[in-house]
Amino acid sequence: MISTIREMPEEELLLSGCGSCAGCPASLALRIVGKALGKNAVMLLTPSCSVASMGMTPKTAYNWPSMNITFASAGASAAGVSVALDTIKEKKNDTWEKPTVFNWTGDGGTYDIGFQALSAAAERNDDFIHFCYNNEAYVNTGLQRSGATPRYCYTTTTPAGKKETKKNMALLMLEHNVPYIATASVAYPIDLYNKILKAKSIPGFKYIEIFAPCNVGWGFSADKTIEMGRMAVEAGACLLWEAHNGKIVFSKPTEKLLKMKDKKPSIEKYINSQGRFQKTMKDKKLEILMDIQEDIDREIRFMKERSKICYSVN
Amino acid sequence: MEIIMIEFRLHGLGGQGIVTFSHLLSEAALEMELYSQSLPSFGVERRGSSVSASVRINDKPILIHEQCSTPEFLVIMNDSLIQKAIDMGLHKRTKLIVNSNEKRYEQNAITINATQIAIENNLVHDNIPFVNIPMFGAVCKVIQFPREVVEIVLRKNWKGKIAELDVKAALSAYDAI
Amino acid sequence: MDSILQPISVPQKGAAGNTGEWRLYKPIIKKEKCVKCLKCWIYCPEAVINKETLEIDYQYCKGCGICANECPCEAISMEKE
Amino acid sequence: MDKILCTGNYAAAEAVKYAKVDVVAGYPITPSTKIVEKINEDIAHGMKCKFISIEGEHSAMAATVAASAAGARVFTATSSQGLLYMHEVLHMAAGGRLPIVMANVNRGVFAPWTLKADHQDALSQRDTGWIQIYCASNQEIFNTILQAYKIAEKAYLPVMVNFDGFLLSHCEEPVSLPEEEKISTYLPDYKPMWSLNTENPTSFSNVTNPKEYADFRDKLSKDILNVGTIIKQAAYEYQECTELWDGDMIETYCTEDAEIILVAMGSVAADIKYCVDILRKEGVSVGLIRIRVFVPFPGIEIMNILKTDSKVIVIDRDYHFGAEDGIVISELRSFLYGKLNLKCLKGMVMGIGGKEITCEEIKRVIKKMEVEVYD
């Protein structure tokens, strides 16, 4: 575990000059993943911005053995690689260290089309880390709604604002009784790094969701990516926690928020600095803000209660 | 032994072990250094409904894969199925081998009380007698396979106490024909 | 078997070309104001800031401006290309 | 050599054991289920192989593809809807040039439901880039799966070994099993030329420019077209090792002097051989071509057997919707166009959803054709 930025290794596994947009939170998150996992890892990618921006054949910006797979199959494919590496390990000598297998997917490949295979892999407790970089929409295809899109959010398929609330995917994965689940944010790189280190050290199925504010999809300027991530955590729109063997522990920034009694920060500033809400709020701004606040408060209340229940994973 | 293809069609109720029976009969033929084929007819039926299977024995490789429509032998595990079995096709020379507690006269049927033999030999599980084992012994006798073959095949498929019960039941049916 | 059998790619810098060309504003680090907190280094999505020297690789810097926005001591300014 | 009495499914699983497969991902579907059941039984009895209890066929193929890319020898089995559900990943396996072997137990497709055999499932995967081989006996299933690994790992192409549901999958026939050492010599451990390897990191199947994409696909298409020699080679080597023969693109029976030639695929071809014997005794001059390899299509091999005055009847166990008859005849017709002008080439769709193809029916088809030709 580290406590300062300086302790992170210098080596880059995401090589400069990839094809992502300026200020991309996915590239940023992947850089931290690279630092935490090191070279001995195998990467699987479902269709997402990270595929579109990894470079065209015969060049790639990712310095791992990596494999592009079909959209619905992250859980199954990672299981395939992981099990195959197990058989290779059995044939090789004991000093050969099995590489960490990890999925790099967006919210589509996790929340929606990828859910079935992912759920099955979690139930089988297959040995890999599933990363979901969550930018709360299908931005790769030009901003359509996903299961991670929050209520009232504009997307091209919800031009009047999404009517449904997002699902709590990390909690759904936790309920598969798996060894490790974490939520993180690109705005808190040390926290993210430590969570990846922990996941790497635990055998079995690990799920890490990384909150990734997308300046293109959300409508804010590229330099505000980190600021937006920080605001989301401070307002409670993104809760940071981890659960090792089923016990939910809130991470520092979120813990701080949960301990506040009266003067909790409102989501107003966070919502108002994003184009994706401005388009749909118009004259009903106050009511909508109250609804969004209620969605967040309900989630906080629920997670607080849920964190009191602890079971142990065998 | 000079053989041209012999065909069997087996009829029984689901759970009476028709598939196992067809396997045993084919294996007995293999033991006699003949070619054989066991072809169960599957549907979406569940336990208790009527099922059938075909068995072919030949001294040449068997190419055909359809169910036997006019077999030499119609083996019927339960006398309530006789009419249904006949309706599914036979020719004038078709012989019936029927499990029944009374003599049956359809098509010069050979009758054997396999249920009783199974019960006498403790071949009962969950109140269902395993009639397929004595029926196997009986059919082997009818087609003149030696006694030893019956025993060898059963011991190949089961071990220990069950094998003993099987052999005893099958051979007593063999001798009863 | 020849090389076009399997669709394999090799890792290299500039997989999407010289992405520095995308830039409209250029980050300039004023070393005298810098406290070496390394926030610019870790928050760079493109890995173009050197951890030790804090030199910026302008060949690939896309000019997003996160480094300037996150710098706690206003040591980085975004200047028009 | 041991001779056992076993079902087609058992023979397939037994071949997997002989091939020392590393990873199997499988999902149950009638009539292929017994294959993965037996593999699991073998694992319980100490076979060195990892089984992934996957949650669906799309995932089964995805896991198989990924395990293959990681350097393992892999296998899966399916049928009908399962194969259809895999469709997307089948393309990926072929495009990625991964040497996967799959048993597909042919079964008709939904709707309405049927459990029984026809070839609609596999033939609707014709253009996925998989080699397709159709077996006519349980011995052939065993032999072909072992040969399939040889072919796949030499050509870097996935191979689908097809056999008819129930007619072979659940039918017990005698199968000769060669000594395991002989198979080990025939099929040594899989050493991929490329894999997901941390010592030499590369990435697989990134986005391509049109030129590169077209080159990859062109190479794939040409390699499939020319895989015939590898298929034949694999069979000869297998015969040398085991003294068992199943090979070649087609099998012929009594074709030398035949006026009427039946063309068929799968287990029904064996039944037709039996019919040919009967018909010959009745004075009908008939022969059989069994298509063993459907992809790549053995057009040249078939053409070499035919003469301009041959009367050819193609029996299809599938529909080519929108055309008058089946897929196999469409393929043959388009191959022969401009090369051989047959006096008579007729198609017949039979045996759909396990409907039995009897000798009587074949006779009727021949009669009907003769009437049509001479009228």
# chains A, B, ... in the order shown; residues from 1 in each chain; ligands from 1
call {"tool": "residues_around", "arguments": {"residues": "range 70-80 of chain A", "least_positions_apart": "5", "cutoff": "8 Å", "atoms": "only C-alpha atoms", "output": "number ranges by chain"}}
result
A: 44-47, 101-103, 105, 109, 113-122, 126-128, 130; D: 23, 25, 52, 54, 58-60, 62-67, 88-89, 92
call {"tool": "residues_around", "arguments": {"residues": "Ser172 in chain B", "least_positions_apart": "2", "cutoff": "12 Å", "atoms": "only C-alpha atoms", "output": "MDAnalysis selection string"}}
result
chainID B and resid 112:114 116:118 120:121 133:138 140:141 147 150:151 165:170 174:177
call {"tool": "write_last_selection", "arguments": {"atoms": "C-alpha atoms", "output": "mmCIF file, in the first residue's frame"}}
result
data_model
loop_
_atom_site.group_PDB
_atom_site.id
_atom_site.type_symbol
_atom_site.label_atom_id
_atom_site.label_comp_id
_atom_site.auth_asym_id
_atom_site.auth_seq_id
_atom_site.Cartn_x
_atom_site.Cartn_y
_atom_site.Cartn_z
ATOM 1 C CA ILE B 112 -41.278 -64.937 -19.873
ATOM 2 C CA ASN B 113 -42.230 -63.716 -16.430
ATOM 3 C CA ALA B 114 -39.322 -61.333 -16.072
ATOM 4 C CA GLN B 116 -41.269 -62.237 -11.110
ATOM 5 C CA ILE B 117 -37.661 -63.255 -11.782
ATOM 6 C CA ALA B 118 -36.515 -59.715 -11.011
ATOM 7 C CA GLU B 120 -37.258 -63.110 -6.717
ATOM 8 C CA ASN B 121 -33.672 -61.964 -7.258
ATOM 9 C CA ILE B 133 -31.810 -57.883 -16.799
ATOM 10 C CA PRO B 134 -33.909 -61.090 -16.953
ATOM 11 C CA MET B 135 -35.233 -60.019 -20.364
ATOM 12 C CA PHE B 136 -31.640 -59.718 -21.554
ATOM 13 C CA GLY B 137 -30.954 -63.279 -20.407
ATOM 14 C CA ALA B 138 -34.108 -64.510 -22.132
ATOM 15 C CA CYS B 140 -29.788 -64.179 -25.421
ATOM 16 C CA LYS B 141 -31.233 -67.667 -25.094
ATOM 17 C CA ARG B 147 -24.653 -68.561 -21.220
ATOM 18 C CA VAL B 150 -24.543 -63.216 -20.696
ATOM 19 C CA GLU B 151 -22.372 -63.429 -17.620
ATOM 20 C CA LEU B 165 -27.772 -60.412 -8.504
ATOM 21 C CA ASP B 166 -27.800 -59.484 -12.191
ATOM 22 C CA VAL B 167 -26.058 -62.660 -13.296
ATOM 23 C CA LYS B 168 -28.330 -64.840 -11.195
ATOM 24 C CA ALA B 169 -31.497 -63.205 -12.483
ATOM 25 C CA ALA B 170 -30.383 -63.166 -16.122
ATOM 26 C CA TYR B 174 -32.011 -67.791 -19.709
ATOM 27 C CA ASP B 175 -32.758 -71.242 -18.347
ATOM 28 C CA ALA B 176 -36.486 -70.600 -18.127
ATOM 29 C CA ILE B 177 -36.857 -70.250 -21.909
#
call {"tool": "atom_distance", "arguments": {"atom1": "CA of Thr183 in chain A", "atom2": "CA of Ala243 in chain A"}}
result
9.2 Å
call {"tool": "atom_distance", "arguments": {"atom1": "CA of Ile181 in chain A", "atom2": "CA of Val51 in chain A"}}
result
24.3 Å
call {"tool": "residues_around", "arguments": {"residues": "range 8-20 of chain B", "least_positions_apart": "4", "cutoff": "7 Å", "atoms": "only C-alpha atoms", "output": "PyMOL selection string"}}
result
chain B and resi 24+40+46-56+68+71-78+85+130-132
call {"tool": "select_by_dssp", "arguments": {"residues": "range 304-349 of chain D", "states": "strand (DSSP E)", "output": "mmCIF file with C-alpha atoms, in the first residue's frame"}}
result
data_model
loop_
_atom_site.group_PDB
_atom_site.id
_atom_site.type_symbol
_atom_site.label_atom_id
_atom_site.label_comp_id
_atom_site.auth_asym_id
_atom_site.auth_seq_id
_atom_site.Cartn_x
_atom_site.Cartn_y
_atom_site.Cartn_z
ATOM 1 C CA LYS D 311 -27.763 -38.189 -63.354
ATOM 2 C CA VAL D 312 -27.052 -36.575 -60.024
ATOM 3 C CA ILE D 313 -29.424 -36.334 -57.086
ATOM 4 C CA VAL D 314 -28.281 -34.259 -54.125
ATOM 5 C CA ILE D 315 -29.973 -35.097 -50.853
ATOM 6 C CA ASP D 316 -30.057 -32.087 -48.554
ATOM 7 C CA CYS D 344 -29.453 -33.928 -64.894
ATOM 8 C CA LEU D 345 -28.838 -32.385 -61.483
ATOM 9 C CA LYS D 346 -31.725 -32.591 -59.026
ATOM 10 C CA GLY D 347 -32.016 -31.650 -55.405
ATOM 11 C CA MET D 348 -34.127 -33.310 -52.769
ATOM 12 C CA VAL D 349 -34.714 -32.021 -49.257
#
call {"tool": "residues_around", "arguments": {"residues": "Ser184 in chain D", "least_positions_apart": "2", "cutoff": "12 Å", "atoms": "only C-alpha atoms", "output": "list in words"}}
result
Ala15, Lys17, Tyr18, Ala19, Lys20, Val21, Leu146, Lys150, Pro178, Glu179, Glu180, Glu181, Lys182, Tyr186, Leu187, Pro188, Asp189, Tyr190, Tyr238, Cys241 and Thr242 of chain D
call {"tool": "residues_around", "arguments": {"residues": "range 85-99 of chain A", "least_positions_apart": "3", "cutoff": "7 Å", "atoms": "only C-alpha atoms", "output": "VMD selection string"}}
result
(chain A and resid 40 to 42 81 to 82) or (chain D and resid 22 70)
call {"tool": "write_last_selection", "arguments": {"atoms": "N, CA, C and O atoms", "output": "mmCIF file, in the first residue's frame"}}
result
data_model
loop_
_atom_site.group_PDB
_atom_site.id
_atom_site.type_symbol
_atom_site.label_atom_id
_atom_site.label_comp_id
_atom_site.auth_asym_id
_atom_site.auth_seq_id
_atom_site.Cartn_x
_atom_site.Cartn_y
_atom_site.Cartn_z
ATOM 1 N N ASN A 40 3.551 -8.095 -15.705
ATOM 2 C CA ASN A 40 3.096 -9.494 -15.744
ATOM 3 C C ASN A 40 1.571 -9.580 -15.654
ATOM 4 O O ASN A 40 1.006 -10.037 -14.665
ATOM 5 N N ALA A 41 0.921 -9.101 -16.698
ATOM 6 C CA ALA A 41 -0.541 -9.100 -16.722
ATOM 7 C C ALA A 41 -1.019 -9.304 -18.146
ATOM 8 O O ALA A 41 -0.298 -9.005 -19.098
ATOM 9 N N VAL A 42 -2.205 -9.854 -18.269
ATOM 10 C CA VAL A 42 -2.815 -10.062 -19.581
ATOM 11 C C VAL A 42 -4.144 -9.316 -19.602
ATOM 12 O O VAL A 42 -4.936 -9.422 -18.664
ATOM 13 N N VAL A 81 -8.873 -17.327 -20.453
ATOM 14 C CA VAL A 81 -7.436 -17.024 -20.366
ATOM 15 C C VAL A 81 -6.876 -17.480 -19.025
ATOM 16 O O VAL A 81 -5.833 -18.141 -18.953
ATOM 17 N N SER A 82 -7.615 -17.169 -17.964
ATOM 18 C CA SER A 82 -7.131 -17.496 -16.621
ATOM 19 C C SER A 82 -6.940 -19.007 -16.452
ATOM 20 O O SER A 82 -5.910 -19.465 -15.961
ATOM 21 N N ASP D 22 -6.367 -29.223 -23.044
ATOM 22 C CA ASP D 22 -6.094 -28.506 -21.786
ATOM 23 C C ASP D 22 -7.359 -27.922 -21.181
ATOM 24 O O ASP D 22 -7.575 -27.998 -19.982
ATOM 25 N N ALA D 70 -4.508 -17.917 -25.265
ATOM 26 C CA ALA D 70 -3.528 -17.961 -24.183
ATOM 27 C C ALA D 70 -2.575 -19.142 -24.336
ATOM 28 O O ALA D 70 -1.669 -19.325 -23.531
#
call {"tool": "interface_residues", "arguments": {"of": "chain C", "to": "chain D", "cutoff": "6 Å", "atoms": "only C-alpha atoms", "output": "ChimeraX atom specification"}}
result
/C:6-10
call {"tool": "write_last_selection", "arguments": {"atoms": "all heavy atoms", "output": "PDB file, in the first residue's frame"}}
result
ATOM      1  N   GLN C   6      -2.156 -13.747 -38.513  1.00  0.00           N
ATOM      2  CA  GLN C   6      -2.955 -13.355 -37.358  1.00  0.00           C
ATOM      3  C   GLN C   6      -2.905 -11.847 -37.157  1.00  0.00           C
ATOM      4  O   GLN C   6      -1.863 -11.230 -37.358  1.00  0.00           O
ATOM      5  CB  GLN C   6      -2.444 -14.070 -36.101  1.00  0.00           C
ATOM      6  CG  GLN C   6      -3.191 -15.360 -35.844  1.00  0.00           C
ATOM      7  CD  GLN C   6      -2.575 -16.174 -34.737  1.00  0.00           C
ATOM      8  OE1 GLN C   6      -1.366 -16.220 -34.579  1.00  0.00           O
ATOM      9  NE2 GLN C   6      -3.407 -16.831 -33.962  1.00  0.00           N
ATOM     10  N   PRO C   7      -4.029 -11.247 -36.755  1.00  0.00           N
ATOM     11  CA  PRO C   7      -4.080  -9.789 -36.594  1.00  0.00           C
ATOM     12  C   PRO C   7      -3.408  -9.329 -35.303  1.00  0.00           C
ATOM     13  O   PRO C   7      -4.056  -9.023 -34.316  1.00  0.00           O
ATOM     14  CB  PRO C   7      -5.579  -9.496 -36.586  1.00  0.00           C
ATOM     15  CG  PRO C   7      -6.230 -10.777 -36.178  1.00  0.00           C
ATOM     16  CD  PRO C   7      -5.315 -11.896 -36.522  1.00  0.00           C
ATOM     17  N   ILE C   8      -2.085  -9.291 -35.320  1.00  0.00           N
ATOM     18  CA  ILE C   8      -1.305  -8.984 -34.116  1.00  0.00           C
ATOM     19  C   ILE C   8      -0.720  -7.568 -34.225  1.00  0.00           C
ATOM     20  O   ILE C   8      -0.278  -7.164 -35.290  1.00  0.00           O
ATOM     21  CB  ILE C   8      -0.130  -9.988 -33.982  1.00  0.00           C
ATOM     22  CG1 ILE C   8      -0.644 -11.424 -33.991  1.00  0.00           C
ATOM     23  CG2 ILE C   8       0.696  -9.707 -32.746  1.00  0.00           C
ATOM     24  CD1 ILE C   8      -1.651 -11.727 -32.939  1.00  0.00           C
ATOM     25  N   SER C   9      -0.716  -6.841 -33.113  1.00  0.00           N
ATOM     26  CA  SER C   9      -0.118  -5.502 -33.096  1.00  0.00           C
ATOM     27  C   SER C   9       0.975  -5.427 -32.043  1.00  0.00           C
ATOM     28  O   SER C   9       0.920  -6.112 -31.032  1.00  0.00           O
ATOM     29  CB  SER C   9      -1.184  -4.452 -32.780  1.00  0.00           C
ATOM     30  OG  SER C   9      -2.229  -4.541 -33.712  1.00  0.00           O
ATOM     31  N   VAL C  10       1.931  -4.562 -32.287  1.00  0.00           N
ATOM     32  CA  VAL C  10       3.092  -4.451 -31.400  1.00  0.00           C
ATOM     33  C   VAL C  10       3.030  -3.125 -30.642  1.00  0.00           C
ATOM     34  O   VAL C  10       2.741  -2.083 -31.239  1.00  0.00           O
ATOM     35  CB  VAL C  10       4.391  -4.549 -32.222  1.00  0.00           C
ATOM     36  CG1 VAL C  10       5.615  -4.441 -31.335  1.00  0.00           C
ATOM     37  CG2 VAL C  10       4.411  -5.853 -33.007  1.00  0.00           C
TER      38      VAL C  10
END
call {"tool": "residues_around", "arguments": {"residues": "range 22-38 of chain C", "least_positions_apart": "3", "cutoff": "12 Å", "atoms": "only C-alpha atoms", "output": "JSON, numbers by chain"}}
result
{"A": [4, 5, 6, 7, 8, 10, 17, 18, 19, 20, 21, 22, 23, 189, 222, 223], "C": [16, 17, 18, 19, 41, 42, 43, 44, 48, 49, 50, 51, 52, 53, 54, 55, 56, 57, 58, 59, 60, 61, 62, 63, 64, 65, 66, 67, 68, 69, 70, 71, 72, 73, 74, 75, 76, 77, 78, 79, 80, 81]}
call {"tool": "write_last_selection", "arguments": {"atoms": "C-alpha atoms", "output": "compact mmCIF listing (two decimals), in the first residue's frame"}}
result
# COMPACT_ATOMS: atom_id res chain seq x y z
CA THR A 4 2.07 9.35 -1.60
CA ILE A 5 2.05 9.83 -5.33
CA ARG A 6 5.84 9.59 -5.40
CA GLU A 7 5.70 5.92 -4.42
CA MET A 8 4.03 4.97 -7.66
CA GLU A 10 7.73 5.37 -13.06
CA GLY A 17 0.40 8.90 -28.23
CA CYS A 18 -2.70 6.74 -28.00
CA GLY A 19 -5.90 7.71 -29.77
CA SER A 20 -8.09 8.78 -26.85
CA CYS A 21 -9.64 12.25 -26.59
CA ALA A 22 -7.68 14.93 -24.75
CA GLY A 23 -8.36 14.61 -21.03
CA PRO A 189 -5.28 7.88 -7.81
CA ALA A 222 -11.23 18.62 -20.76
CA ASP A 223 -9.13 20.20 -18.03
CA ALA C 16 -2.24 6.90 -32.96
CA GLY C 17 0.41 9.15 -34.49
CA ASN C 18 1.99 12.32 -33.16
CA THR C 19 -0.93 13.28 -30.94
CA TRP C 41 2.53 13.66 -13.50
CA ILE C 42 -0.07 11.32 -12.09
CA TYR C 43 -3.12 13.10 -13.52
CA CYS C 44 -1.78 13.18 -17.07
CA VAL C 48 3.81 12.69 -21.28
CA ILE C 49 5.28 14.25 -18.11
CA ASN C 50 8.56 12.82 -16.88
CA LYS C 51 8.39 11.83 -13.22
CA GLU C 52 11.93 12.97 -12.41
CA THR C 53 12.55 15.99 -14.63
CA LEU C 54 8.90 17.02 -15.14
CA GLU C 55 9.78 17.61 -18.79
CA ILE C 56 6.74 17.45 -21.06
CA ASP C 57 6.88 15.32 -24.21
CA TYR C 58 5.22 17.77 -26.60
CA GLN C 59 5.29 15.21 -29.41
CA TYR C 60 2.37 13.46 -27.74
CA CYS C 61 0.85 16.00 -25.26
CA LYS C 62 -2.73 16.60 -26.41
CA GLY C 63 -3.05 19.80 -24.40
CA CYS C 64 -6.05 18.76 -22.29
CA GLY C 65 -5.01 21.11 -19.50
CA ILE C 66 -5.67 18.77 -16.57
CA CYS C 67 -2.12 19.36 -15.31
CA ALA C 68 -2.65 23.12 -15.22
CA ASN C 69 -6.05 22.79 -13.57
CA GLU C 70 -4.79 20.42 -10.88
CA CYS C 71 -1.52 22.15 -10.09
CA PRO C 72 -1.90 23.41 -6.49
CA CYS C 73 0.59 26.25 -6.92
CA GLU C 74 -0.34 27.56 -10.36
CA ALA C 75 3.03 26.57 -11.77
CA ILE C 76 1.54 25.40 -15.08
CA SER C 77 -0.01 27.76 -17.57
CA MET C 78 -1.80 26.89 -20.80
CA GLU C 79 -0.47 29.01 -23.63
CA LYS C 80 -1.84 29.29 -27.14
CA GLU C 81 0.17 27.34 -29.69
call {"tool": "residues_around", "arguments": {"residues": "Ser285 in chain D", "least_positions_apart": "5", "cutoff": "12 Å", "atoms": "only C-alpha atoms", "output": "tab-separated table (two decimals) with C-alpha atoms, in the first residue's frame"}}
result
chain	number	residue	atom	x	y	z
D	253	TYR	CA	-19.33	-45.88	-53.23
D	254	CYS	CA	-20.04	-47.79	-56.47
D	255	THR	CA	-19.62	-44.65	-58.58
D	256	GLU	CA	-17.35	-46.01	-61.33
D	257	ASP	CA	-20.09	-47.34	-63.58
D	258	ALA	CA	-23.10	-45.63	-61.99
D	259	GLU	CA	-25.66	-43.85	-64.15
D	260	ILE	CA	-27.34	-42.31	-61.16
D	261	ILE	CA	-25.21	-40.71	-58.48
D	262	LEU	CA	-26.61	-39.74	-55.11
D	275	CYS	CA	-29.72	-48.74	-50.21
D	276	VAL	CA	-27.24	-48.74	-53.08
D	277	ASP	CA	-26.53	-52.42	-52.41
D	278	ILE	CA	-30.23	-53.25	-52.54
D	279	LEU	CA	-30.87	-51.11	-55.62
D	280	ARG	CA	-27.92	-52.63	-57.44
D	310	SER	CA	-24.38	-38.69	-64.92
D	311	LYS	CA	-27.76	-38.19	-63.35
D	363	LYS	CA	-36.15	-45.39	-54.50
D	366	ILE	CA	-34.85	-41.94	-58.12
call {"tool": "atom_distance", "arguments": {"atom1": "CA of Thr78 in chain D", "atom2": "CA of Asn138 in chain D"}}
result
16.8 Å
call {"tool": "interface_residues", "arguments": {"of": "chain B", "to": "chain D", "cutoff": "6 Å", "atoms": "only C-alpha atoms", "output": "list in words"}}
result
Gln37, Ser38, Leu39, Leu63, Ile64 and His65 of chain B
call {"tool": "select_by_dssp", "arguments": {"residues": "chain C", "states": "alpha helix (DSSP H)", "output": "ChimeraX atom specification"}}
result
/C:39-43,66-70
call {"tool": "closest_residue", "arguments": {"among": "D:Asp127, D:Glu251, D:Glu153, D:Glu55", "to": "Pro28 in chain D", "atoms": "only C-alpha atoms"}}
result
D:Glu55
call {"tool": "closest_residue", "arguments": {"among": "A:Gln274, A:Thr149, A:Gln144, A:Ser16", "to": "Tyr111 in chain A", "atoms": "only C-alpha atoms"}}
result
A:Thr149
